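**Q** Sending over a structure as structure tokens; questions will come in a sec.
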Amino acid sequence: MEKPRARSWTAAAALMVFFAVATVEVATTAPAPRRILVDTDMGTDDLFALLYILKQDRSQFDVKVGHPSGAMSFIHLGITINANAWIDAGHGVNQLYDILYMMGRDDIAVGAGGDGGISDDGKIHPNVGGYLPLIDQGMTTAGGCRYRQAIPPGRRGGRLDADTNAGVRRGFLPRGPRRYEPLRQPTAQQVMVDTLSAGPTTLFLFGTHTNAALLLMAYPHLRRNIERIYVSGGSVRATGNLFTAYDANPFAEFNVFGDPFAAYQVLHSGVPVTLVPLDATNTIPITEEFFAEFGRRWQSTPEARYCFQSLDQVLRINRRPGPDLHGSTDYYMWDSFAAGVAFSAMRNGESNGSNEFAELEYMNITVITSNEPYGVRDGSNPFFDGGATPKFGLKEGGVHSGHVQTGIRNSFCLVPGSNSGRCQDGYTKEVSGSEGVRVRVATSAKPNTDNSSTFDREFVKNFLKVLNIPKQTGRFSITTQFPYYREVLYKPDFINISRGKPVIFDMDMSPGDFVSLIYLLKAPREVINLKGVLVNGNGWANIASIDVVYDILHMMGRDDIPVGLGNTTAWGTPTLGCTNDYAIPIGSGGFIDSDTLYGLARSLPRSPRRYTPESSDDPEHRQPLAFEVWQSVRKQLGPGDKITVLTSGPLTNLANISLSHRDASSVIERVYVVGGLIRDGGHEKGNVFTVPSNKYAEFNMFLDPLAAKTVIESNLNITLIPLTAQRKAASFGAVLEALEQIQQTPELKFVHGLFSLLKELQSKHNLYHHVDIFLGEVLGAVYMVQGSDLKSSVKLKPISVVANTTERTDGQIVISKQSTKLVKVLSHFNDEIYYNRLANSLANKKQSAVIGSFEEQMAIWSRPPNNSGLGHTEFL
């Protein structure tokens, strides 16, 4: 009897071992989480695609290879930003952080920028940021806008509207804890490499292909981990969409045109590609009927509401006039449709080609990167021109060796007597033979299978359904993030207060300009009456940084001061282009830092005022232009009053005012110009460090030399605060010591934090060697207010500005014996008194910050208000 028992135990043990082994085998053979890497330019259509991706049902995704028990197969995401198209990196990365915070996905890695370069021999250094197309990429992030100039930089659907999401972003998105931080922000290449190194990954490209091409070229061993690339872009059998450059290039689509050589590298990489070009997206337009239905029934989640409000604004900009509600809006489901095609393909198995949203077929295509005749060096192609050997080992006389489009009005591309150009850069062209590569291409959107539906395309129905499912929904918007959220405008009460001379501050929103603005807001009101702020977008920050100006004014309780939107390009130049601001780095120490105020803009309280496009349904709060603010201030002048102007950036706005208002000099008492370096026989050099050939120009003059010449040589009463004087006020040690020896106010703490950060960055990395130039900019404001107290002296000098000559001389100021114009030039002041006066002003409790930080604002929004009503005005 004992033996059978023993055999029974043995059988049971064997059975347990079998199940244990089976369990281990199931566990070890269960699929790894699917990884998706999204590279996006953060345009409005990208936002729709990102939210659609974040809403995918994880319990259903990839069920064919899921765990037999039905366990979820999670989607692991990494997101990188390509910043050489429709978005500027600083604005894009912070908007993305807020979207992820809203969706509860702070776990997702975000990559932006990078300051590596590509040497002349084609060596790709680590962490190249993708700020420039590969053909123009060197060892710095400063550079031109060969392809990007096709994208309008300002309003009416340009980069300003993309950076701000047409004003919707700040009015809707909550603000999360993550933000851009200098030298700490993960770069695009870091996130890409980390994601691919972890295992098989599907790559979505929703913009230019620069980041992806750099990855494939620098890390060829990681190609095996890319399962497939889904591309939103290109135009194979359809006409291109370069509406700003159609006369030169009717073939290209924006995403591919942004970096044709990069797109070629991706397409010819050997990685399987599915292309969703204009051929398909042209068949899935946003119609007025769709928009109306979206507004009526499909806004049950925060993400759906954000999409609708974003779409509402973009359609106001793009909508054709006319009463036809079924008509086209000139806006299409580009990136979101590409995402839908990708998920459908992955669900159904890419190999069988089944797709519920799109018709697909294989085509043999390539990307045109240069124009025939090949092998002729005409100065347009840096891959071949100027070097002993072609870059990247390219073939002399090959398909990359022809003329490369240099601009949207490139004479090579224009055909006399025709409005259809001949350049094909960025054309995803169908070819035969070995020149092309076999690519799966979406040709059209499939019709809706539900005949009773109001939507004519299957994906349209799916898109709205996915956005509105309650699972994985967004947590809140800014108005629901806090239990007592309210928008308050703070305005001072000027009753019985004597007010000083009217002042307009014209700034380019560099770090020093923001300190100057705070200082001016602290100046005694019986001395300085700041009546308006003008901003321009052809200096050290992109024009969307106007929202930071609103935040500073809100912090200081001056929501009464209007802010005027100025030019985005230099005076007398086309509105599309980058004349002279190509000299400003796009990466570290340049635009990405200025646009975020070196990461500190997120610590400022959030103003109810923000950039609002002219198409808004709230015309009362429409963003005024610089000239409109000027006119408003001029009309408010009392008898005998005149305006004092302080400029701390390119003189573009003032030149425009002078041109548009012929008697401007009659109402301007004095102009204080911060900028310039006078060549008067000395050996002092300028500060345009990215243009070594120009040794004697100062940035504000170099960025718009014609405007500088127009203003400085006019009959305006000018006082110049030149670079020579600014450098005497550019000691981090001295200014920080003065700030630390005095009582603290919120604004002083903010300025101290900014200057401390700049000092630390300068000491840590050569990319920040120049940031002390922002210290000197503050001198102009202090001198205008307290010049008589600084033991200062000025000299009268006959000067002239060099303009419209060459890169090596533009913006220089010279002594001109022929000039009859004498300009007052600040030559000396007591720097110790200067630092103390600056510190004492910032520490003064009078006219101090009304609300010191976003943290303080969050505390206010978390408790009941002392008074009833929302959206009211408080007079201080």
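A note on labels: chains of the structure tokens are A, B, ... as shown, every chain counts residues from 1, and ligands are counted from 1 in their shown order.
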Just want the 7 Å neighbourhood of Asn687 (chain A), counted on only C-alpha atoms, with same-chain residues fewer than 5 positions away dropped. Output as a list in words.

**A**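 Listed by chain and then number, they are Ala697, Glu698 and Phe699 of chain A.
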
**Q** Hey, what's within 12 Å of Leu553 (chain A) if we count only C-alpha atoms and toss same-chain stuff fewer than 2 positions away? As a VMD selection string, please?

**A** chain A and resid 489 to 492 514 to 515 517 to 522 530 532 to 533 546 to 551 555 to 563 604 to 610 747 847 to 852

**Q** Take the residues just selected and output them with C-alpha atoms as a PDB file, in the first residue's frame.

**A**
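Written output follows (out-v2.pdb):
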ATOM      1  CA  LEU A 489      -6.550  91.434 -13.302  1.00  0.00           C
ATOM      2  CA  TYR A 490      -4.424  93.569 -11.007  1.00  0.00           C
ATOM      3  CA  LYS A 491      -4.413  97.281 -11.815  1.00  0.00           C
ATOM      4  CA  PRO A 492      -3.020 100.118  -9.689  1.00  0.00           C
ATOM      5  CA  PHE A 514      12.929  91.167 -18.231  1.00  0.00           C
ATOM      6  CA  VAL A 515      15.074  92.477 -15.379  1.00  0.00           C
ATOM      7  CA  LEU A 517      11.074  95.611 -17.125  1.00  0.00           C
ATOM      8  CA  ILE A 518      10.861  94.697 -13.437  1.00  0.00           C
ATOM      9  CA  TYR A 519      13.114  97.619 -12.576  1.00  0.00           C
ATOM     10  CA  LEU A 520      10.940 100.058 -14.549  1.00  0.00           C
ATOM     11  CA  LEU A 521       7.840  98.765 -12.765  1.00  0.00           C
ATOM     12  CA  LYS A 522       9.588  99.512  -9.468  1.00  0.00           C
ATOM     13  CA  LEU A 530       5.338 103.139 -17.995  1.00  0.00           C
ATOM     14  CA  GLY A 532       3.297 100.532 -22.879  1.00  0.00           C
ATOM     15  CA  VAL A 533       5.622  97.658 -23.755  1.00  0.00           C
ATOM     16  CA  ILE A 546       5.222  87.774 -25.239  1.00  0.00           C
ATOM     17  CA  ASP A 547       3.290  85.620 -22.772  1.00  0.00           C
ATOM     18  CA  VAL A 548       6.199  85.876 -20.330  1.00  0.00           C
ATOM     19  CA  VAL A 549       5.887  89.678 -20.524  1.00  0.00           C
ATOM     20  CA  TYR A 550       2.247  89.356 -19.526  1.00  0.00           C
ATOM     21  CA  ASP A 551       3.260  87.174 -16.572  1.00  0.00           C
ATOM     22  CA  MET A 555       3.247  89.525 -10.945  1.00  0.00           C
ATOM     23  CA  MET A 556       3.936  93.217 -10.441  1.00  0.00           C
ATOM     24  CA  GLY A 557       0.253  94.197 -10.425  1.00  0.00           C
ATOM     25  CA  ARG A 558       0.386  96.065 -13.745  1.00  0.00           C
ATOM     26  CA  ASP A 559      -2.210  94.339 -15.905  1.00  0.00           C
ATOM     27  CA  ASP A 560      -3.177  97.824 -17.060  1.00  0.00           C
ATOM     28  CA  ILE A 561      -0.078  98.168 -19.267  1.00  0.00           C
ATOM     29  CA  PRO A 562      -0.708  97.213 -22.907  1.00  0.00           C
ATOM     30  CA  VAL A 563       1.802  95.008 -24.743  1.00  0.00           C
ATOM     31  CA  LEU A 604       6.076  83.147 -12.550  1.00  0.00           C
ATOM     32  CA  PRO A 605       2.375  83.531 -11.772  1.00  0.00           C
ATOM     33  CA  ARG A 606       0.126  82.843 -14.721  1.00  0.00           C
ATOM     34  CA  SER A 607      -1.462  85.960 -16.160  1.00  0.00           C
ATOM     35  CA  PRO A 608      -5.077  85.952 -17.360  1.00  0.00           C
ATOM     36  CA  ARG A 609      -3.753  87.944 -20.322  1.00  0.00           C
ATOM     37  CA  ARG A 610      -2.011  86.096 -23.116  1.00  0.00           C
ATOM     38  CA  GLU A 747      10.979  90.375  -7.554  1.00  0.00           C
ATOM     39  CA  GLN A 847       5.292  98.802  -5.757  1.00  0.00           C
ATOM     40  CA  SER A 848       6.415  95.272  -4.959  1.00  0.00           C
ATOM     41  CA  ALA A 849       4.989  92.104  -6.468  1.00  0.00           C
ATOM     42  CA  VAL A 850       1.302  91.548  -5.883  1.00  0.00           C
ATOM     43  CA  ILE A 851       1.682  87.819  -6.390  1.00  0.00           C
ATOM     44  CA  GLY A 852       5.201  86.471  -6.151  1.00  0.00           C
TER      45      GLY A 852
END

**Q** For Phe290 (chain A), find every residue with an atom within 9 Å (counting only C-alpha atoms), except residues of its own chain fewer than 2 positions away, and show them as an mmCIF file with all heavy atoms, in the first residue's frame.

**A**
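Below is the file that was written, result-v1.cif:
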data_model
loop_
_atom_site.group_PDB
_atom_site.id
_atom_site.type_symbol
_atom_site.label_atom_id
_atom_site.label_comp_id
_atom_site.auth_asym_id
_atom_site.auth_seq_id
_atom_site.Cartn_x
_atom_site.Cartn_y
_atom_site.Cartn_z
ATOM 1 N N ILE A 286 -11.030 68.342 -42.706
ATOM 2 C CA ILE A 286 -11.915 68.817 -41.641
ATOM 3 C C ILE A 286 -12.981 69.674 -42.310
ATOM 4 O O ILE A 286 -12.671 70.717 -42.900
ATOM 5 C CB ILE A 286 -11.145 69.655 -40.610
ATOM 6 C CG1 ILE A 286 -10.053 68.824 -39.927
ATOM 7 C CG2 ILE A 286 -12.093 70.269 -39.588
ATOM 8 C CD1 ILE A 286 -10.576 67.772 -38.982
ATOM 9 N N THR A 287 -14.220 69.244 -42.251
ATOM 10 C CA THR A 287 -15.303 70.005 -42.868
ATOM 11 C C THR A 287 -16.045 70.800 -41.802
ATOM 12 O O THR A 287 -15.956 70.525 -40.607
ATOM 13 C CB THR A 287 -16.293 69.067 -43.564
ATOM 14 O OG1 THR A 287 -16.889 68.207 -42.577
ATOM 15 C CG2 THR A 287 -15.595 68.206 -44.616
ATOM 16 N N GLU A 288 -16.788 71.787 -42.248
ATOM 17 C CA GLU A 288 -17.610 72.567 -41.320
ATOM 18 C C GLU A 288 -18.640 71.678 -40.646
ATOM 19 O O GLU A 288 -18.974 71.865 -39.472
ATOM 20 C CB GLU A 288 -18.296 73.718 -42.074
ATOM 21 C CG GLU A 288 -17.343 74.769 -42.622
ATOM 22 C CD GLU A 288 -16.789 75.682 -41.548
ATOM 23 O OE1 GLU A 288 -17.119 75.490 -40.369
ATOM 24 O OE2 GLU A 288 -16.000 76.585 -41.887
ATOM 25 N N ALA A 292 -18.973 71.221 -36.631
ATOM 26 C CA ALA A 292 -20.234 71.482 -35.927
ATOM 27 C C ALA A 292 -20.651 70.279 -35.088
ATOM 28 O O ALA A 292 -21.088 70.423 -33.936
ATOM 29 C CB ALA A 292 -21.324 71.848 -36.930
ATOM 30 N N GLU A 293 -20.505 69.079 -35.635
ATOM 31 C CA GLU A 293 -20.867 67.866 -34.894
ATOM 32 C C GLU A 293 -19.927 67.664 -33.710
ATOM 33 O O GLU A 293 -20.355 67.255 -32.625
ATOM 34 C CB GLU A 293 -20.820 66.665 -35.836
ATOM 35 C CG GLU A 293 -21.222 65.337 -35.200
ATOM 36 C CD GLU A 293 -22.692 65.276 -34.827
ATOM 37 O OE1 GLU A 293 -23.460 66.183 -35.220
ATOM 38 O OE2 GLU A 293 -23.075 64.311 -34.134
ATOM 39 N N PHE A 294 -18.655 67.933 -33.908
ATOM 40 C CA PHE A 294 -17.669 67.860 -32.825
ATOM 41 C C PHE A 294 -18.116 68.762 -31.671
ATOM 42 O O PHE A 294 -18.097 68.376 -30.496
ATOM 43 C CB PHE A 294 -16.301 68.299 -33.373
ATOM 44 C CG PHE A 294 -15.124 67.965 -32.497
ATOM 45 C CD1 PHE A 294 -13.834 68.159 -32.980
ATOM 46 C CD2 PHE A 294 -15.265 67.484 -31.199
ATOM 47 C CE1 PHE A 294 -12.716 67.865 -32.203
ATOM 48 C CE2 PHE A 294 -14.154 67.184 -30.394
ATOM 49 C CZ PHE A 294 -12.890 67.385 -30.902
ATOM 50 N N GLY A 295 -18.526 69.973 -31.991
ATOM 51 C CA GLY A 295 -18.939 70.919 -30.966
ATOM 52 C C GLY A 295 -20.221 70.538 -30.275
ATOM 53 O O GLY A 295 -20.401 70.808 -29.081
ATOM 54 N N HIS A 326 -20.872 72.709 -45.478
ATOM 55 C CA HIS A 326 -20.292 71.432 -45.877
ATOM 56 C C HIS A 326 -18.956 71.626 -46.589
ATOM 57 O O HIS A 326 -18.339 70.678 -47.030
ATOM 58 C CB HIS A 326 -21.260 70.668 -46.796
ATOM 59 C CG HIS A 326 -22.566 70.356 -46.142
ATOM 60 N ND1 HIS A 326 -22.749 69.259 -45.333
ATOM 61 C CD2 HIS A 326 -23.747 71.021 -46.147
ATOM 62 C CE1 HIS A 326 -24.001 69.251 -44.883
ATOM 63 N NE2 HIS A 326 -24.625 70.306 -45.369
ATOM 64 N N THR A 454 -23.110 60.487 -39.374
ATOM 65 C CA THR A 454 -22.957 61.796 -40.025
ATOM 66 C C THR A 454 -21.552 61.995 -40.574
ATOM 67 O O THR A 454 -21.304 62.975 -41.284
ATOM 68 C CB THR A 454 -23.249 62.925 -39.015
ATOM 69 O OG1 THR A 454 -22.372 62.787 -37.887
ATOM 70 C CG2 THR A 454 -24.689 62.874 -38.542
ATOM 71 N N PHE A 455 -20.632 61.081 -40.237
ATOM 72 C CA PHE A 455 -19.240 61.207 -40.684
ATOM 73 C C PHE A 455 -19.005 60.343 -41.913
ATOM 74 O O PHE A 455 -19.440 59.199 -41.981
ATOM 75 C CB PHE A 455 -18.282 60.797 -39.567
ATOM 76 C CG PHE A 455 -18.491 61.557 -38.289
ATOM 77 C CD1 PHE A 455 -18.794 60.899 -37.110
ATOM 78 C CD2 PHE A 455 -18.394 62.939 -38.274
ATOM 79 C CE1 PHE A 455 -18.996 61.596 -35.938
ATOM 80 C CE2 PHE A 455 -18.589 63.651 -37.102
ATOM 81 C CZ PHE A 455 -18.898 62.980 -35.934
ATOM 82 N N VAL A 460 -12.652 59.318 -38.966
ATOM 83 C CA VAL A 460 -13.249 60.471 -38.286
ATOM 84 C C VAL A 460 -14.094 59.999 -37.109
ATOM 85 O O VAL A 460 -14.010 60.534 -36.001
ATOM 86 C CB VAL A 460 -14.093 61.295 -39.277
ATOM 87 C CG1 VAL A 460 -14.859 62.385 -38.547
ATOM 88 C CG2 VAL A 460 -13.197 61.923 -40.342
#

**Q** When DSSP is applied to the backbone of this structure, which of region 127-363 of chain A are assigned strand (DSSP E)? Write them out as JSON, numbers by chain.

**A** {"A": [201, 202, 203, 204, 205, 206, 226, 227, 228, 229, 230, 231, 232, 273, 274, 275, 276, 285, 286, 287, 328, 329, 330, 331, 332, 358, 359, 360, 361, 362, 363]}

**Q** In Å, rounded to a single decimal, give me how far CA of Phe343 (chain A) is from CA of Asn355 (chain A).

**A**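 Interatomic distance here is 9.0 Å.
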
**Q** Would you kindly return, as a PyMOL selection string, each protein, DNA or RNA residue with an atom no farther than 10 Å from any atom of region 660-666 of chain A, considering only C-alpha atoms and excluding same-chain residues fewer than 5 positions away?

**A** chain A and resi 627+630-631+634+642-643+654-655+671+714-717

**Q** Any idea what's packed within 7 Å of Arg808 (chain A), counting only C-alpha atoms, ignoring anything in its chain fewer than 2 positions away? Could you give it as a list of chain:residue names?

**A**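 Surrounding residues, per the criterion: A:Ser693, A:Asn694, A:Thr806, A:Asp810.
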
**Q** List as JSON, numbers by chain the protein and nucleic acid residues near Asp163 (chain A), meaning an atom at most 7 Å away when only C-alpha atoms are counted, but skip any in the same chain fewer than 4 places from it.

**A** {"A": [87, 88, 91, 92, 159, 544]}

**Q** Store the residues picked out above in a file with N, CA and C atoms, as a CSV table (one decimal), in the first residue's frame.

**A**
chain,number,residue,atom,x,y,z
A,87,ILE,N,7.4,74.6,-34.8
A,87,ILE,CA,7.4,74.9,-33.4
A,87,ILE,C,8.8,75.4,-33.0
A,88,ASP,N,8.9,76.2,-32.0
A,88,ASP,CA,10.2,76.5,-31.4
A,88,ASP,C,10.4,75.7,-30.1
A,91,HIS,N,9.0,76.6,-26.4
A,91,HIS,CA,7.6,76.6,-26.3
A,91,HIS,C,7.0,75.2,-26.4
A,92,GLY,N,7.6,74.5,-27.3
A,92,GLY,CA,7.0,73.1,-27.6
A,92,GLY,C,7.2,72.2,-26.5
A,159,ARG,N,4.4,80.4,-36.9
A,159,ARG,CA,5.0,79.8,-35.7
A,159,ARG,C,4.5,80.4,-34.4
A,544,ALA,N,6.5,84.5,-29.5
A,544,ALA,CA,5.6,83.9,-28.6
A,544,ALA,C,5.9,84.1,-27.1
